[in-house]
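J.: Sharing a structure, written as structure tokens. Questions coming.
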Amino acid sequence: MPNLGIEVLFKGTNMARLLGGLWVSLRISLIAVGFSVLLGIPLGIIMTAKSKVIKAFTRLYLEVVRVMPQMVLLFIVFFGTTRIFGWNLNAELASVIVFTFWGTAEMADLVRGAFISIPKHQYESAKALGMNSLHVFLFVILPQTIRRLLPLSINLVTRMIKTTSLVMMIGVVEVLKVGQQIIEANRTSSPNAAFGVYGTVFLLYFIGCWPISMLSKYLEKKWSNT
Amino acid sequence: MSENKKEEIIKVNHITKRYDDNSVLEDFSLSVYEGEVVVIVGPSGCGKSTILRIMNGLEPIQKGEVTYRGEKVDGKLGSITRIREKVGMVFQSYELFPHKTILQNVMLAPVLVQKRDKKEVKEEALQLLARVGLAEKKDSYPRQLSGGQKQRVAIVRALCMHPEVLLFDEVTAALDPEMVREVLEVILSLAKEGKTMVIVTHEMAFAEAIADRVIFLDAGQIEEEGTAEEFFRHPKSERAKQFLNSFTYEKK
């Protein structure tokens, strides 16, 4: 059996460093997810408005986020703002800003989609029972919206966690960067470390994202049956 | 007519309804009296459903007014929720709340809107469900029921609010033919109790059996009006004869 280069992980504090890097990835994505949900839900509700101006602006925002590679956004926010405004943003903060900017747009679009997917008749039959607008929203529309929304937004969370691998490009030492450092440092003693370390990083991402993805599948299945 | 001695509950007074530039109803008037079953029939797109929706304040109108016991019916007024408690409506697509069980569907509005005691509402809901033969479905979710069962639940849900008038908007139009009867039987039994109802339907045999008064609508106008016997056996207008003929078939 060839040397898989896993042994480097057991040298010194390498494994702990890798896990520390994973925590950085998760921290950035979870903080960004938190803000994205907080900002995306109201924005999504605003996006259901009929006003053409609101539609045009939110559409533009969404398209910009979709078209622009996240890495370019990271570079603009991290390097660009330093040149233009003289801000010296910490790389992790810049990452959170970019991921929130992205996540808010995606979340808002999911919220908008979930709201407009509720048939008009649901509003009408609730109203016909004498419910006022607040009742209709809280007891009829919102619960159905959340059910449609949750599996999709969990999917977004896993995408955000995965994409944090880009933040090493602006100098954040997250799990992938730590892996790279370990490989570099042990280049001579463990030339095969690239396989073992990146393989482990792969597993860590998998362990991080897979349960979330399973949860989304489970909820989707559970709610489609009710 | 004898209805005139009874109290007028819903009055539709010279209303005009337009969608964009298309006029659906022009200067339309109709009164519904206590204990009366009014059936509105007519070709598709003649504005039948629109009338029911207007009676429930679900459609804005451009001219005229609708009143329920003298009070203005307008979807934009705060009083509309109180009126809708009294004017129940059942839709073609039943529209139960998919995230709630059958029992929760029936109980939601009485508890939430009328602030009635949960236990008392539950008892009544179970009784009503038993009456339409669905007591054992109380903990099922809407998607586990057939169309006919869902529509019966929708009727129970409206009944549990103790409405004074019930509006039925083509309640069997979306159902498989073999499920139509079970729903219509429920409505017939309500008529027997003397409930005031306004029914829009394409089921002519049912209309004939249940109607105290038939309104034949064509292009937003009342083309003919009369008792079930008068309208179905001796239609006066050409349009009504044509319309009724479209339901009978002959081998050529």
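Going through the structure tokens in order, the chains are called A, B, and so on, while each chain numbers its residues from 1 and the ligands are numbered from 1 in the order shown.
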Set the cut-off to 8 Å and count only C-alpha atoms: what are the residues of chain B that reach chain A? Output as a list in words.
T.: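 Taking only C-alpha atoms into account, Asn56, Leu58, Ile80, Thr81, Arg82, Ile83, Arg84, Glu85, Val87, Gly88, Met89, Val90, Phe91, Ser93, Glu95, Leu96, Phe97, Pro98, His99, Ala109, Leu112, Val113, Tyr141, Pro142, Arg143, Ala158 and Met161 of chain B sit within 8 Å of chain A.
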J.: Please list as a PyMOL selection string every residue within 8 Å of Arg69 (chain B), counting only C-alpha atoms and excluding residues in the same chain fewer than 4 positions away.
T.: chain B and resi 8-11
J.: Measuring between only C-alpha atoms, which one of B:Thr67, B:Gln62, B:Thr172, B:Leu103 shows the shortest distance to Asp20 (chain B)?
T.: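 Checking each of B:Thr67, B:Gln62, B:Thr172, B:Leu103 against Asp20 (chain B), counting only C-alpha atoms, the winner is B:Gln62.
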J.: Neighbours of Cys209 (chain A) within 9 Å (only C-alpha atoms; same-chain residues fewer than 2 positions away dropped), as a list in words?
T.: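 Using only C-alpha atoms, the neighbours found are Val157, Thr158, Arg159, Ile161, Lys162, Leu204, Tyr205, Phe206, Ile207, Pro211, Ile212, Ser213 and Met214 of chain A.
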J.: Using N, CA and C atoms, can you write the selected residues to a file as a short mmCIF file (atom, residue, chain, number, x, y, z; two decimals), in the first residue's frame?
T.:
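Wrote it out as out_32.cif, contents follow:
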data_model
loop_
_atom_site.label_atom_id
_atom_site.label_comp_id
_atom_site.auth_asym_id
_atom_site.auth_seq_id
_atom_site.Cartn_x
_atom_site.Cartn_y
_atom_site.Cartn_z
N VAL A 157 -27.06 27.13 2.91
CA VAL A 157 -26.04 27.10 3.96
C VAL A 157 -24.87 26.20 3.56
N THR A 158 -25.16 25.02 3.05
CA THR A 158 -24.05 24.13 2.66
C THR A 158 -23.25 24.75 1.52
N ARG A 159 -23.94 25.43 0.61
CA ARG A 159 -23.19 26.09 -0.46
C ARG A 159 -22.28 27.17 0.09
N ILE A 161 -20.95 27.26 3.13
CA ILE A 161 -19.83 26.64 3.84
C ILE A 161 -18.76 26.21 2.83
N LYS A 162 -19.19 25.58 1.76
CA LYS A 162 -18.24 25.12 0.74
C LYS A 162 -17.44 26.29 0.16
N LEU A 204 -13.52 16.59 6.30
CA LEU A 204 -14.03 17.58 7.25
C LEU A 204 -15.19 18.36 6.64
N TYR A 205 -15.02 18.77 5.39
CA TYR A 205 -16.13 19.46 4.71
C TYR A 205 -17.35 18.55 4.65
N PHE A 206 -17.06 17.30 4.35
CA PHE A 206 -18.17 16.34 4.23
C PHE A 206 -18.91 16.21 5.56
N ILE A 207 -18.12 16.07 6.64
CA ILE A 207 -18.74 15.93 7.96
C ILE A 207 -19.52 17.20 8.32
N PRO A 211 -24.49 16.29 7.24
CA PRO A 211 -25.65 16.22 8.13
C PRO A 211 -26.66 17.33 7.83
N ILE A 212 -26.15 18.50 7.44
CA ILE A 212 -27.05 19.62 7.13
C ILE A 212 -27.89 19.27 5.90
N SER A 213 -27.21 18.69 4.92
CA SER A 213 -27.90 18.32 3.71
C SER A 213 -28.93 17.21 3.96
N MET A 214 -28.57 16.27 4.86
CA MET A 214 -29.52 15.21 5.24
C MET A 214 -30.74 15.79 5.94
#
J.: What's around Gln70 (chain A) at 12 Å? Count only C-alpha atoms, leave out sequence neighbours fewer than 3 positions away in its own chain, and write the answer as a list in words.
T.: Val64, Val65, Arg66, Val67, Leu73, Leu74, Phe75, Ile76, Val77, Ala94, Ser95, Val96, Ile97, Val98, Phe99, Thr100, Phe101, Trp102, Gly103, Arg159, Met160, Lys162, Thr163, Thr164, Ser165, Leu166, Val167, Met169 and Ile170 of chain A
J.: Can you measure CA of Gly199 (chain A) to CA of Val172 (chain A) for me? One decimal in Å is fine.
T.: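 A separation of 20.5 Å between them.
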J.: What's around Val180 (chain B) at 10 Å? Count only C-alpha atoms, leave out sequence neighbours fewer than 5 positions away in its own chain, and write the answer as number ranges by chain.
T.: B: 147-148, 151, 171-175, 185, 203
J.: Would you mind exporting the chosen residues as a compact mmCIF listing (two decimals), in the first residue's frame, restricted to N, CA, C and O atoms?
T.:
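Result file is result.txt:
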# COMPACT_ATOMS: atom_id res chain seq x y z
N GLY B 147 -60.77 14.44 -3.18
CA GLY B 147 -61.34 15.75 -3.47
C GLY B 147 -62.71 15.95 -2.81
O GLY B 147 -62.97 16.98 -2.21
N GLY B 148 -63.55 14.92 -2.90
CA GLY B 148 -64.89 15.03 -2.32
C GLY B 148 -64.84 15.17 -0.80
O GLY B 148 -65.60 15.93 -0.21
N GLN B 151 -63.70 18.67 0.05
CA GLN B 151 -64.75 19.66 -0.13
C GLN B 151 -65.76 19.59 1.02
O GLN B 151 -66.26 20.61 1.47
N VAL B 171 -68.69 24.35 -6.26
CA VAL B 171 -67.95 23.48 -5.34
C VAL B 171 -67.71 22.08 -5.87
O VAL B 171 -66.90 21.34 -5.31
N THR B 172 -68.40 21.68 -6.93
CA THR B 172 -68.15 20.33 -7.44
C THR B 172 -67.42 20.34 -8.77
O THR B 172 -67.14 19.30 -9.35
N ALA B 173 -67.08 21.53 -9.26
CA ALA B 173 -66.50 21.63 -10.60
C ALA B 173 -65.15 20.94 -10.71
O ALA B 173 -64.77 20.47 -11.77
N ALA B 174 -64.41 20.87 -9.59
CA ALA B 174 -63.06 20.29 -9.66
C ALA B 174 -63.07 18.81 -9.26
O ALA B 174 -62.02 18.20 -9.15
N LEU B 175 -64.26 18.25 -9.03
CA LEU B 175 -64.31 16.89 -8.49
C LEU B 175 -64.54 15.84 -9.57
O LEU B 175 -65.15 16.11 -10.60
N GLU B 185 -75.05 16.13 -1.53
CA GLU B 185 -75.96 15.64 -0.48
C GLU B 185 -75.85 16.50 0.78
O GLU B 185 -76.84 16.80 1.44
N GLU B 203 -74.22 21.83 -12.10
CA GLU B 203 -74.99 20.59 -11.95
C GLU B 203 -76.47 20.95 -12.03
O GLU B 203 -77.08 21.37 -11.05
J.: Rounded to one decimal in Å, what is the spacing between CA of Phe10 (chain A) and CA of Ala91 (chain A)?
T.: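 About the pair CA of Phe10 (chain A) and CA of Ala91 (chain A): they are 29.1 Å apart.
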